[in-house]
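Trainee: Take a look at my_file.cif, mmCIF, C-alpha atoms and all ligand atoms:
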```cif
data_structure
loop_
_atom_site.label_atom_id
_atom_site.label_comp_id
_atom_site.auth_asym_id
_atom_site.auth_seq_id
_atom_site.Cartn_x
_atom_site.Cartn_y
_atom_site.Cartn_z
CA MET A 16 0.00 0.00 0.00
CA ASP A 17 1.13 3.53 -0.72
CA LEU A 18 2.50 5.51 2.16
CA MET A 19 0.02 7.91 3.75
CA VAL A 20 0.99 10.62 6.21
CA LYS A 21 -1.67 12.32 8.35
CA ILE A 22 -1.16 15.96 9.22
CA LYS A 23 -3.07 17.80 11.98
CA PRO A 24 -5.53 20.12 10.19
CA GLU A 25 -6.48 22.24 13.27
CA ARG A 26 -2.83 22.91 14.05
CA LEU A 27 -2.09 23.86 10.42
CA LEU A 28 -5.04 26.27 10.27
CA ALA A 29 -4.25 27.75 13.70
CA ASP A 30 -0.70 28.57 12.59
CA LEU A 31 -1.86 30.11 9.31
CA HIS A 32 -4.34 32.31 11.20
CA GLU A 33 -1.71 33.27 13.77
CA LEU A 34 0.71 34.34 11.04
CA ARG A 35 -2.13 36.26 9.38
CA LYS A 36 -2.35 38.54 12.43
CA PHE A 37 1.05 40.07 11.62
CA GLY A 38 0.05 42.99 9.40
CA ALA A 39 -3.63 42.01 9.19
CA CYS A 40 -5.66 44.52 7.20
CA GLY A 41 -9.29 43.46 6.90
CA LYS A 42 -9.25 40.05 5.19
CA GLY A 43 -5.79 40.74 3.75
CA VAL A 44 -2.28 41.34 5.02
CA VAL A 45 0.27 44.15 4.61
CA ARG A 46 3.64 42.64 5.58
CA THR A 47 6.23 43.92 3.13
CA ALA A 48 9.82 42.73 3.49
CA PHE A 49 11.72 44.24 6.46
CA SER A 50 8.68 46.13 7.78
CA GLN A 51 8.29 45.86 11.57
CA VAL A 52 5.44 43.35 11.21
CA ASP A 53 7.58 41.28 8.84
CA LEU A 54 10.43 41.22 11.36
CA ASP A 55 7.97 40.39 14.18
CA SER A 56 6.48 37.54 12.14
CA ARG A 57 9.99 36.15 11.57
CA GLN A 58 10.54 36.09 15.35
CA TRP A 59 7.28 34.17 15.68
CA LEU A 60 8.39 31.75 12.97
CA ILE A 61 11.77 31.23 14.69
CA GLY A 62 9.82 30.26 17.82
CA LYS A 63 7.70 27.79 15.86
CA MET A 64 10.72 26.20 14.18
CA THR A 65 12.55 25.94 17.50
CA GLU A 66 9.52 24.23 19.11
CA VAL A 67 9.66 21.60 16.38
CA GLY A 68 13.28 20.94 17.33
CA LEU A 69 14.94 22.47 14.27
CA HIS A 70 18.23 24.34 14.43
CA VAL A 71 17.27 27.86 13.31
CA GLN A 72 19.48 30.27 11.38
CA VAL A 73 18.57 33.85 10.48
CA ASP A 74 20.97 35.14 7.87
CA VAL A 75 22.16 38.61 6.87
CA ILE A 76 19.43 38.98 4.27
CA GLY A 77 16.68 37.99 6.74
CA ASN A 78 16.10 34.43 5.55
CA VAL A 79 14.78 32.21 8.35
CA ILE A 80 15.94 28.63 7.88
CA GLY A 81 15.23 25.68 10.18
CA TYR A 82 17.68 22.82 9.77
CA SER A 83 16.79 19.27 10.74
CA ARG A 84 18.96 17.61 13.38
CA ASN A 85 18.48 14.23 11.71
CA SER A 86 21.34 12.76 9.72
CA GLY A 87 21.18 11.87 6.05
CA GLN A 88 20.16 13.88 3.04
CA ALA A 89 17.36 16.35 3.64
CA LEU A 90 14.38 17.70 1.78
CA LEU A 91 14.33 21.50 1.59
CA MET A 92 10.86 23.06 1.71
CA GLY A 93 9.90 26.71 1.81
CA SER A 94 8.28 29.80 0.38
CA HIS A 95 7.97 33.41 1.58
CA THR A 96 6.15 35.24 4.38
CA ASP A 97 6.54 38.78 3.02
CA THR A 98 3.61 40.22 1.07
CA GLN A 99 2.76 42.72 -1.64
CA PRO A 100 1.88 46.26 -0.42
CA GLU A 101 -1.73 44.97 -0.53
CA GLY A 102 -1.36 41.25 -0.08
CA GLY A 103 -3.48 38.22 0.57
CA TRP A 104 -3.07 36.07 3.69
CA LEU A 105 -1.99 32.91 1.86
CA ASP A 106 0.44 34.06 -0.85
CA GLY A 107 3.74 32.58 0.36
CA SER A 108 2.52 32.01 3.94
CA LEU A 109 0.71 28.85 2.87
CA GLY A 110 3.95 27.25 1.63
CA VAL A 111 5.94 28.21 4.73
CA ILE A 112 3.31 26.90 7.15
CA TYR A 113 2.85 23.73 5.05
CA ALA A 114 6.62 23.17 5.35
CA LEU A 115 6.40 23.67 9.12
CA GLU A 116 3.47 21.24 9.43
CA VAL A 117 5.20 18.64 7.24
CA ALA A 118 8.47 18.86 9.23
CA ARG A 119 6.52 18.59 12.49
CA THR A 120 4.32 15.72 11.32
CA LEU A 121 7.19 13.61 9.97
CA LEU A 122 9.12 14.07 13.24
CA GLU A 123 6.10 12.85 15.24
CA LEU A 124 5.36 9.67 13.34
CA PRO A 125 7.38 6.55 14.19
CA ASN A 126 7.93 5.49 10.58
CA THR A 127 9.11 8.92 9.37
CA GLN A 128 10.77 10.53 12.40
CA TYR A 129 14.28 9.71 11.13
CA LEU A 130 13.73 11.72 7.90
CA ALA A 131 15.40 15.12 7.56
CA VAL A 132 13.35 18.15 6.46
CA ASP A 133 14.78 21.69 6.38
CA ILE A 134 12.29 24.53 6.09
CA ALA A 135 12.64 28.19 5.15
CA SER A 136 10.97 31.55 4.71
CA TRP A 137 12.86 33.32 1.91
CA MET A 138 13.12 37.10 2.34
CA ASP A 139 11.45 39.56 -0.05
CA GLU A 140 10.08 37.25 -2.73
CA GLU A 141 7.64 40.03 -3.62
CA GLY A 142 10.37 42.52 -4.51
CA THR A 143 9.89 45.37 -2.01
CA PHE A 144 13.67 45.81 -2.36
CA CYS A 145 14.61 43.09 -4.83
CA GLY A 146 12.41 40.24 -6.12
CA LEU A 147 13.30 36.70 -4.99
CA LEU A 148 16.02 38.26 -2.81
CA GLY A 149 16.25 35.55 -0.16
CA SER A 150 16.20 32.51 -2.42
CA ARG A 151 18.63 34.11 -4.87
CA SER A 152 20.99 35.00 -2.03
CA PHE A 153 20.75 31.47 -0.58
CA CYS A 154 21.54 30.00 -4.02
CA GLY A 155 24.43 32.43 -4.63
CA LYS A 156 22.61 34.02 -7.56
CA ILE A 157 22.73 37.68 -6.57
CA SER A 158 25.71 40.01 -6.74
CA PRO A 159 26.79 42.21 -3.81
CA LYS A 160 26.33 45.19 -6.14
CA VAL A 161 22.64 44.43 -6.68
CA ILE A 162 22.20 44.11 -2.91
CA ALA A 163 24.11 47.38 -2.31
CA ASN A 164 21.89 49.24 -4.81
CA ALA A 165 18.53 47.77 -3.77
CA LYS A 166 15.97 50.35 -2.57
CA ASP A 167 12.26 50.34 -1.82
CA ARG A 168 9.84 52.78 -3.46
CA SER A 169 10.44 55.39 -0.75
CA GLY A 170 14.21 55.32 -1.35
CA LEU A 171 15.08 53.35 1.80
CA THR A 172 18.06 51.10 1.03
CA LEU A 173 18.30 47.41 1.72
CA THR A 174 21.60 48.04 3.52
CA GLU A 175 19.84 50.45 5.91
CA VAL A 176 17.06 48.03 6.79
CA ILE A 177 19.53 45.18 7.30
CA HIS A 178 21.41 47.41 9.78
CA ALA A 179 18.20 48.53 11.47
CA ALA A 180 17.18 44.89 11.91
CA GLY A 181 20.59 44.21 13.53
CA LEU A 182 21.50 41.65 10.88
CA ASN A 183 24.57 43.32 9.35
CA GLU A 184 27.06 41.29 11.41
CA VAL A 185 25.25 38.02 10.78
CA PRO A 186 26.69 35.62 8.17
CA VAL A 187 24.96 34.85 4.90
CA ALA A 188 23.34 31.40 4.54
CA ARG A 189 24.37 29.50 1.41
CA ILE A 190 22.99 26.31 0.00
CA ASP A 191 24.99 23.09 0.29
CA PRO A 192 23.47 21.24 -2.67
CA GLY A 193 24.99 17.97 -1.44
CA ARG A 194 22.80 18.16 1.67
CA TYR A 195 19.58 18.05 -0.31
CA VAL A 196 17.47 15.49 -2.12
CA ALA A 197 15.18 18.15 -3.57
CA TYR A 198 13.43 21.49 -3.12
CA LEU A 199 9.65 21.49 -2.70
CA GLU A 200 7.33 24.48 -2.56
CA ALA A 201 3.57 24.67 -2.12
CA HIS A 202 1.69 27.80 -3.14
CA ILE A 203 -1.78 29.07 -3.88
CA GLU A 204 -2.36 29.02 -7.62
CA GLN A 205 -3.05 32.78 -7.91
CA GLY A 206 -5.06 32.07 -11.05
CA ALA A 207 -8.31 30.41 -12.07
CA ARG A 208 -7.13 27.27 -13.86
CA LEU A 209 -7.88 24.86 -10.98
CA VAL A 210 -11.23 26.44 -10.22
CA SER A 211 -12.19 26.31 -13.92
CA ALA A 212 -11.13 22.66 -14.16
CA LYS A 213 -12.97 21.92 -10.87
CA LYS A 214 -9.81 20.29 -9.47
CA ARG A 215 -8.25 20.72 -6.03
CA ILE A 216 -4.53 20.03 -6.55
CA GLY A 217 -2.18 21.38 -9.22
CA VAL A 218 1.02 19.48 -9.98
CA VAL A 219 3.27 22.12 -11.51
CA THR A 220 5.13 21.13 -14.68
CA ALA A 221 7.09 24.33 -15.24
CA ILE A 222 7.27 27.95 -14.22
CA VAL A 223 6.77 30.07 -17.32
CA GLY A 224 9.49 32.05 -19.04
CA ILE A 225 8.88 35.79 -19.35
CA ARG A 226 9.98 38.30 -22.00
CA SER A 227 9.17 42.00 -21.85
CA PHE A 228 9.70 44.80 -24.38
CA LYS A 229 9.37 48.54 -24.68
CA LEU A 230 8.25 50.03 -28.00
CA VAL A 231 8.67 53.72 -28.79
CA PHE A 232 6.76 55.49 -31.60
CA THR A 233 8.07 58.81 -32.86
CA GLY A 234 5.82 60.87 -35.15
CA GLU A 235 5.07 64.57 -35.34
CA GLN A 236 3.04 66.51 -32.80
CA ASN A 237 0.48 68.75 -34.47
CA HIS A 238 -2.94 70.45 -34.29
CA ALA A 239 -5.81 67.94 -34.18
CA GLY A 240 -8.13 70.25 -36.11
CA THR A 241 -5.98 71.62 -38.91
CA THR A 242 -3.79 68.63 -39.79
CA PRO A 243 -5.41 66.55 -42.56
CA MET A 244 -5.46 62.80 -42.02
CA GLN A 245 -3.12 62.03 -44.96
CA LEU A 246 -0.47 64.46 -43.65
CA ARG A 247 -0.37 63.20 -40.07
CA LYS A 248 2.48 61.36 -38.41
CA ASP A 249 0.30 60.12 -35.57
CA ALA A 250 2.40 58.15 -33.09
CA GLY A 251 -0.67 57.17 -31.06
CA MET A 252 -2.56 55.70 -34.01
CA ALA A 253 0.58 53.81 -35.12
CA LEU A 254 0.75 52.29 -31.63
CA ILE A 255 -2.89 51.24 -31.70
CA ARG A 256 -2.54 49.64 -35.16
CA LEU A 257 0.57 47.71 -34.17
CA ALA A 258 -1.02 46.62 -30.88
CA ASN A 259 -3.99 45.23 -32.84
CA ASP A 260 -1.70 43.40 -35.26
CA ILE A 261 0.29 41.89 -32.37
CA ASP A 262 -2.87 40.72 -30.60
CA ALA A 263 -4.36 39.21 -33.76
CA THR A 264 -1.15 37.43 -34.80
CA TYR A 265 -0.42 36.10 -31.29
CA GLY A 266 -3.97 34.75 -31.14
CA LYS A 267 -3.16 32.56 -34.15
CA ILE A 268 0.20 31.18 -32.96
CA SER A 269 -0.22 30.89 -29.18
CA GLY A 270 -0.18 27.66 -27.18
CA ASP A 271 -2.79 26.58 -24.59
CA THR A 272 -1.12 28.49 -21.80
CA THR A 273 0.53 31.45 -23.56
CA VAL A 274 -0.42 34.88 -22.22
CA TRP A 275 0.46 38.33 -23.56
CA THR A 276 -0.16 41.72 -22.03
CA ILE A 277 0.18 45.32 -23.07
CA GLY A 278 0.44 46.60 -19.53
CA HIS A 279 1.34 50.19 -20.26
CA VAL A 280 0.77 52.76 -23.00
CA LYS A 281 1.54 56.46 -23.03
CA PHE A 282 0.64 59.15 -25.60
CA GLU A 283 2.44 62.48 -25.54
CA PRO A 284 1.56 65.17 -24.92
CA GLY A 285 -1.73 63.39 -24.16
CA SER A 286 -4.41 65.91 -25.05
CA HIS A 287 -7.66 65.53 -26.99
CA SER A 288 -6.74 68.38 -29.35
CA ILE A 289 -3.20 67.31 -30.23
CA VAL A 290 -2.02 64.62 -32.66
CA PRO A 291 0.43 62.65 -30.45
CA GLY A 292 4.03 63.04 -31.56
CA HIS A 293 5.33 60.38 -29.22
CA ALA A 294 3.90 57.12 -27.88
CA GLU A 295 5.22 54.22 -25.83
CA MET A 296 3.99 50.77 -25.02
CA MET A 297 5.17 47.90 -22.85
CA LEU A 298 4.46 44.38 -23.96
CA GLN A 299 5.08 41.14 -22.06
CA PHE A 300 4.45 37.51 -22.95
CA ARG A 301 4.81 34.29 -20.94
CA ASP A 302 4.90 30.59 -21.75
CA PRO A 303 6.69 27.46 -20.48
CA ASP A 304 7.98 26.69 -24.02
CA SER A 305 11.17 28.54 -25.01
CA GLN A 306 10.63 27.85 -28.72
CA LEU A 307 7.22 29.44 -28.54
CA LEU A 308 8.72 32.45 -26.76
CA ASP A 309 11.29 32.68 -29.60
CA ARG A 310 8.45 32.59 -32.15
CA PHE A 311 6.55 35.33 -30.31
CA GLU A 312 9.68 37.47 -30.22
CA ALA A 313 10.42 36.94 -33.94
CA VAL A 314 6.82 37.85 -34.86
CA LEU A 315 7.06 40.99 -32.75
CA TYR A 316 10.25 42.16 -34.48
CA ASP A 317 8.71 41.35 -37.91
CA LEU A 318 5.59 43.39 -37.16
CA VAL A 319 7.74 46.30 -35.97
CA ALA A 320 9.83 46.09 -39.17
CA THR A 321 6.67 46.09 -41.31
CA GLY A 322 5.27 49.04 -39.34
CA LYS A 323 8.49 50.98 -39.84
CA LYS A 324 8.49 50.26 -43.58
CA THR A 325 4.86 51.34 -43.96
CA GLY A 326 5.57 54.55 -42.04
CA PRO A 327 5.14 57.40 -41.49
CA VAL A 328 6.01 56.89 -37.83
CA GLU A 329 9.41 55.71 -36.60
CA ILE A 330 9.25 52.68 -34.28
CA THR A 331 12.01 51.35 -32.02
CA ILE A 332 11.93 48.26 -29.84
CA GLU A 333 14.13 47.12 -26.96
CA PRO A 334 13.91 44.30 -24.42
CA LEU A 335 12.94 45.37 -20.89
CA GLY A 336 15.41 43.58 -18.65
CA ALA A 337 16.91 40.16 -19.30
CA PRO A 338 14.51 37.43 -20.47
CA ILE A 339 13.48 35.05 -17.67
CA PRO A 340 13.83 31.46 -18.93
CA PRO A 341 11.21 28.84 -18.07
CA ALA A 342 12.08 26.67 -15.04
CA PHE A 343 11.16 22.99 -15.35
CA MET A 344 9.92 20.92 -12.45
CA ASP A 345 11.50 17.50 -11.95
CA ASP A 346 9.54 14.63 -13.56
CA GLY A 347 10.29 12.13 -10.80
CA LEU A 348 9.18 14.54 -8.07
CA GLN A 349 5.99 15.30 -10.00
CA GLU A 350 5.21 11.55 -9.96
CA HIS A 351 5.52 11.50 -6.16
CA ILE A 352 3.07 14.42 -5.90
CA VAL A 353 0.69 12.76 -8.36
CA ARG A 354 0.72 9.52 -6.33
CA ALA A 355 0.13 11.46 -3.11
CA ALA A 356 -2.75 13.34 -4.76
CA GLU A 357 -4.23 10.04 -5.98
CA THR A 358 -3.97 8.67 -2.43
CA HIS A 359 -5.81 11.58 -0.78
CA ALA A 360 -8.02 12.89 -3.59
CA PRO A 361 -8.25 10.40 -6.46
CA GLY A 362 -8.78 12.09 -9.83
CA ASP A 363 -8.94 15.53 -8.23
CA TRP A 364 -5.66 16.90 -9.58
CA ILE A 365 -4.21 18.22 -12.84
CA ARG A 366 -0.77 19.00 -14.19
CA MET A 367 -0.33 22.68 -15.00
CA PRO A 368 2.32 25.33 -15.57
CA SER A 369 2.75 28.24 -13.16
CA GLY A 370 2.06 31.61 -14.76
CA ALA A 371 3.56 33.43 -11.78
CA GLY A 372 7.18 33.41 -10.64
CA HIS A 373 8.12 31.67 -7.37
CA ASP A 374 11.20 31.01 -5.23
CA ALA A 375 11.16 27.48 -6.71
CA MET A 376 12.37 28.85 -10.05
CA VAL A 377 15.63 29.93 -8.39
CA PHE A 378 16.28 26.37 -7.16
CA ALA A 379 15.27 24.52 -10.34
CA ASP A 380 18.75 24.40 -11.92
CA ILE A 381 20.48 23.55 -8.61
CA LEU A 382 18.23 20.85 -7.11
CA PRO A 383 15.45 18.64 -8.43
CA THR A 384 12.51 20.95 -7.75
CA ALA A 385 8.73 20.59 -7.63
CA MET A 386 5.67 22.64 -6.73
CA LEU A 387 2.14 21.91 -5.61
CA PHE A 388 -0.76 24.36 -6.08
CA VAL A 389 -4.07 24.69 -4.26
CA PRO A 390 -6.98 26.63 -5.81
CA SER A 391 -7.48 30.36 -5.32
CA ILE A 392 -11.16 31.26 -4.94
CA GLY A 393 -12.20 33.18 -8.06
CA GLY A 394 -8.59 33.04 -9.24
CA ILE A 395 -7.86 36.18 -7.18
CA SER A 396 -4.45 37.00 -5.64
CA HIS A 397 -2.26 40.02 -4.81
CA SER A 398 -5.45 41.38 -3.28
CA PHE A 399 -7.04 41.57 0.16
CA ALA A 400 -9.80 39.35 -1.29
CA GLU A 401 -7.40 36.42 -1.91
CA ASP A 402 -8.61 33.20 -0.26
CA THR A 403 -8.72 29.40 -0.51
CA LYS A 404 -11.40 27.03 0.85
CA GLU A 405 -10.42 25.59 4.21
CA GLU A 406 -10.88 22.01 2.98
CA ASP A 407 -8.55 22.75 0.04
CA ILE A 408 -5.91 24.21 2.39
CA VAL A 409 -6.04 21.03 4.47
CA LEU A 410 -6.04 18.67 1.48
CA GLY A 411 -3.05 20.46 -0.10
CA CYS A 412 -0.96 20.02 3.04
CA GLN A 413 -2.05 16.40 3.36
CA VAL A 414 -0.89 15.68 -0.20
CA PHE A 415 2.29 17.70 0.33
CA ALA A 416 3.19 15.74 3.50
CA THR A 417 2.64 12.35 1.88
CA ALA A 418 4.65 13.42 -1.18
CA ALA A 419 7.50 14.70 1.02
CA ALA A 420 7.74 11.44 2.97
CA SER A 421 7.58 9.40 -0.22
CA ILE A 422 10.33 11.47 -1.89
CA LEU A 423 12.61 11.14 1.14
CA LYS A 424 11.96 7.40 1.55
CA ALA A 425 12.66 6.80 -2.13
CA HIS A 426 16.01 8.62 -1.99
CA ILE A 427 17.44 7.44 1.30
ZN ZN A 501 4.06 34.07 -3.56
#
```
Would you write out, as structure tokens, the structure that this file holds?

Mentor:
Amino acid sequence: MDLMVKIKPERLLADLHELRKFGACGKGVVRTAFSQVDLDSRQWLIGKMTEVGLHVQVDVIGNVIGYSRNSGQALLMGSHTDTQPEGGWLDGSLGVIYALEVARTLLELPNTQYLAVDIASWMDEEGTFCGLLGSRSFCGKISPKVIANAKDRSGLTLTEVIHAAGLNEVPVARIDPGRYVAYLEAHIEQGARLVSAKKRIGVVTAIVGIRSFKLVFTGEQNHAGTTPMQLRKDAGMALIRLANDIDATYGKISGDTTVWTIGHVKFEPGSHSIVPGHAEMMLQFRDPDSQLLDRFEAVLYDLVATGKKTGPVEITIEPLGAPIPPAFMDDGLQEHIVRAAETHAPGDWIRMPSGAGHDAMVFADILPTAMLFVPSIGGISHSFAEDTKEEDIVLGCQVFATAAASILKAHI
């Protein structure tokens, strides 16, 4: 018979609700990285990890990591407890408290208590100072220069808040890949795919790659009443035409999970009586398939070239930041999660890509990595309204615990 681990649902929910109190704001939470409530919640988490019997380290960047005292290779599990400026109560917190409950449960049960589970809350996943800060620092993927230059929106530097938190003399924590069997992260879906499919568990196949671009249109600013249509160099209209062409062409070549967004447009000078002389647009697309991302990019450059040739407006295009490659979840680990889902909720799971970025993407090229999703009610996240049904929260942790034990038992 397949292994089945039983978590304690009341304890799991009690911890999630206790963590929710730090920065509670109506139904939501405001607990941005390095805010006082964030630091207070980390103290609370240290207490929880210590109670479980883990050896706790807080590092210079604010990561809180609980190391197992058991010998043998360990499973590393974590997520983040910082939030967006208007965050939900489960984004990140769910994965950290799942990790805590799994570590605690395995240590209590006679047939799993020898297994080693390390758990972590990675600092500033949400990018108050620098996105995925804690996991990137732990994996040695962030340069001291980036850390030295990181600021929040008010201009406060990361260096200042590290000093204020009394962490500047504390050593940095770095991953020892040899210690670990795998990295596992649970998260709310933050989308509507599970709800639409009427399924309760998502087994993540990949975290999507992201490419973003800025397009600039340069025409000629002029009077909106006296400039005849055939003489205009209307940067705004050129933008709208190209945007339509992009949307129509992408609709024909996209995959099942491709998404594209024009998240920003600007017309200058932006008045109803002036033909815009300048316009800008930001475009982003996401998919787990790199070849499809290449195709989307090639189509974009072709459409820009055609637009430039047709005139009369000049168009330039440049990438916004480095492309983020897709991160693939380990096939073997996915099988463990599938089996655990079949044990606790037969037929009630699907495989799916993650459209959002997560700490797991930082680990994916260092350790075999996997993620489990639970549904978000109405597909809503990064909002005070974010929520998940209690029975789904419990089921997700149940599946996660069984999968964790099965992964460790298979590897040790
Ligand atoms: Zn998150």

Trainee: Let me have all residues with an atom within 10 Å of ligand ZN 501 (chain A), counting only C-alpha atoms and all ligand atoms, laid out as a PDB file with C-alpha atoms, keeping the file's coordinate frame.

Mentor:
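part-v8.pdb, freshly written:
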```
ATOM      1  CA  SER A  94       8.280  29.800   0.380  1.00  0.00           C
ATOM      2  CA  HIS A  95       7.970  33.410   1.580  1.00  0.00           C
ATOM      3  CA  THR A  96       6.150  35.240   4.380  1.00  0.00           C
ATOM      4  CA  ASP A  97       6.540  38.780   3.020  1.00  0.00           C
ATOM      5  CA  THR A  98       3.610  40.220   1.070  1.00  0.00           C
ATOM      6  CA  GLN A  99       2.760  42.720  -1.640  1.00  0.00           C
ATOM      7  CA  GLY A 102      -1.360  41.250  -0.080  1.00  0.00           C
ATOM      8  CA  GLY A 103      -3.480  38.220   0.570  1.00  0.00           C
ATOM      9  CA  LEU A 105      -1.990  32.910   1.860  1.00  0.00           C
ATOM     10  CA  ASP A 106       0.440  34.060  -0.850  1.00  0.00           C
ATOM     11  CA  GLY A 107       3.740  32.580   0.360  1.00  0.00           C
ATOM     12  CA  SER A 108       2.520  32.010   3.940  1.00  0.00           C
ATOM     13  CA  LEU A 109       0.710  28.850   2.870  1.00  0.00           C
ATOM     14  CA  GLY A 110       3.950  27.250   1.630  1.00  0.00           C
ATOM     15  CA  ASP A 139      11.450  39.560  -0.050  1.00  0.00           C
ATOM     16  CA  GLU A 140      10.080  37.250  -2.730  1.00  0.00           C
ATOM     17  CA  GLU A 141       7.640  40.030  -3.620  1.00  0.00           C
ATOM     18  CA  LEU A 147      13.300  36.700  -4.990  1.00  0.00           C
ATOM     19  CA  ALA A 201       3.570  24.670  -2.120  1.00  0.00           C
ATOM     20  CA  HIS A 202       1.690  27.800  -3.140  1.00  0.00           C
ATOM     21  CA  ILE A 203      -1.780  29.070  -3.880  1.00  0.00           C
ATOM     22  CA  GLU A 204      -2.360  29.020  -7.620  1.00  0.00           C
ATOM     23  CA  GLN A 205      -3.050  32.780  -7.910  1.00  0.00           C
ATOM     24  CA  ALA A 371       3.560  33.430 -11.780  1.00  0.00           C
ATOM     25  CA  GLY A 372       7.180  33.410 -10.640  1.00  0.00           C
ATOM     26  CA  HIS A 373       8.120  31.670  -7.370  1.00  0.00           C
ATOM     27  CA  ASP A 374      11.200  31.010  -5.230  1.00  0.00           C
ATOM     28  CA  SER A 396      -4.450  37.000  -5.640  1.00  0.00           C
ATOM     29  CA  HIS A 397      -2.260  40.020  -4.810  1.00  0.00           C
TER      30      HIS A 397
END
```

Trainee: Have a look at atom CA of A:Leu91 and atom CA of A:His351 and let me know their distance in Å, one decimal.

Mentor: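 Calculated distance between atom CA of A:Leu91 and atom CA of A:His351 is 15.4 Å.
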
Trainee: With only C-alpha atoms as the atoms that count, which of A:Gly370, A:Gly43, A:Gly251, A:Gly285 lies nearest to A:Glu401?

Mentor: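 Ranking A:Gly370, A:Gly43, A:Gly251, A:Gly285 by distance to A:Glu401, first place goes to A:Gly43.
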
Trainee: Quick one, how far is atom CA of A:Pro186 from atom CA of A:Gly155?

Mentor: 13.4 Å

Trainee: Could you check the closest approach to A:Phe378 for each of A:Gly149, A:Gly322, A:Gly394, A:Gly234 and tell me which residue wins, using only C-alpha atoms?

Mentor: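 Residue with the minimum atom-to-atom distance to A:Phe378: A:Gly149.
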
Trainee: Using all atoms listed in the file, determine which residues lie at most 9 Å from A:Ile222, disregarding the query and same-chain residues fewer than 4 positions distant; provide the list as a PyMOL selection string.

Mentor: chain A and resi 302-303+340-344+368-373+375-376

Trainee: Kindly indicate which residue among A:Asn85, A:Ser288, A:Thr65, A:Asn78 lies nearest to A:Ala131, using all atoms listed in the file for the distances.

Mentor: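 Closest to A:Ala131, using all atoms listed in the file: A:Asn85.
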
Trainee: So which one's closest to A:Ala29, A:Gly77, A:Tyr316, A:Glu116, A:Pro291? Using all atoms listed in the file, please.

Mentor: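 The shortest atom-to-atom distance to A:Ala29 comes from A:Glu116.
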
Trainee: Between A:Met252, A:Leu130, A:Val67, A:Val75, which is the closest to A:Ile427 once you count all atoms listed in the file?

Mentor: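 Smallest distance to A:Ile427 is found for A:Leu130.
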
Trainee: Can you work out the spacing between atom CA of A:Gln51 and atom CA of A:Ala179 in Å, to one decimal?

Mentor: 10.3 Å

Trainee: Counting all atoms listed in the file, figure out which residue out of A:Arg46, A:His279, A:Arg208, A:Lys424 gets nearest to A:Glu295.

Mentor: A:His279

Trainee: So that I can see what lies close to A:Ile162, please list as a PyMOL selection string the residues with an atom at most 8 Å from it, counting only C-alpha atoms and leaving out residues fewer than 5 positions away in the same chain.

Mentor: chain A and resi 145+157+173-174

Trainee: Could you give me, as a list in words, the residues within 12 Å of A:Glu25, counting all atoms listed in the file and dropping anything in the same chain fewer than 4 positions from it?

Mentor: Ala29, Asp30, Leu31, His32, Glu116, Glu405, Glu406, Ile408, Val409 and Cys412 of chain A

Trainee: Env of A:Leu307: 10 Å cut, atoms = only C-alpha atoms, seq-sep filter 3 positions within chain, self excluded. Answer as a list in words.

Mentor: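 Selected residues are Ile268, Ser269, Gly270, Thr273, Arg301, Asp302, Pro303, Asp304, Arg310, Phe311, Glu312 and Ala313 of chain A.
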
Trainee: Skip A:Ala258 itself and residues of its chain fewer than 5 positions away, then list as number ranges by chain all residues within 9 Å of it, counting all atoms listed in the file.

Mentor: A: 253, 263, 277, 296

Trainee: Could you pull stretch 192-203 of chain A out of the structure just shown and give C-alpha atoms as a compact mmCIF listing (two decimals), in the first residue's frame?

Mentor:
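Wrote it out as out-v2.txt, contents follow:
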```txt
# COMPACT_ATOMS: atom_id res chain seq x y z
CA PRO A 192 23.47 21.24 -2.67
CA GLY A 193 24.99 17.97 -1.44
CA ARG A 194 22.80 18.16 1.67
CA TYR A 195 19.58 18.05 -0.31
CA VAL A 196 17.47 15.49 -2.12
CA ALA A 197 15.18 18.15 -3.57
CA TYR A 198 13.43 21.49 -3.12
CA LEU A 199 9.65 21.49 -2.70
CA GLU A 200 7.33 24.48 -2.56
CA ALA A 201 3.57 24.67 -2.12
CA HIS A 202 1.69 27.80 -3.14
CA ILE A 203 -1.78 29.07 -3.88
```
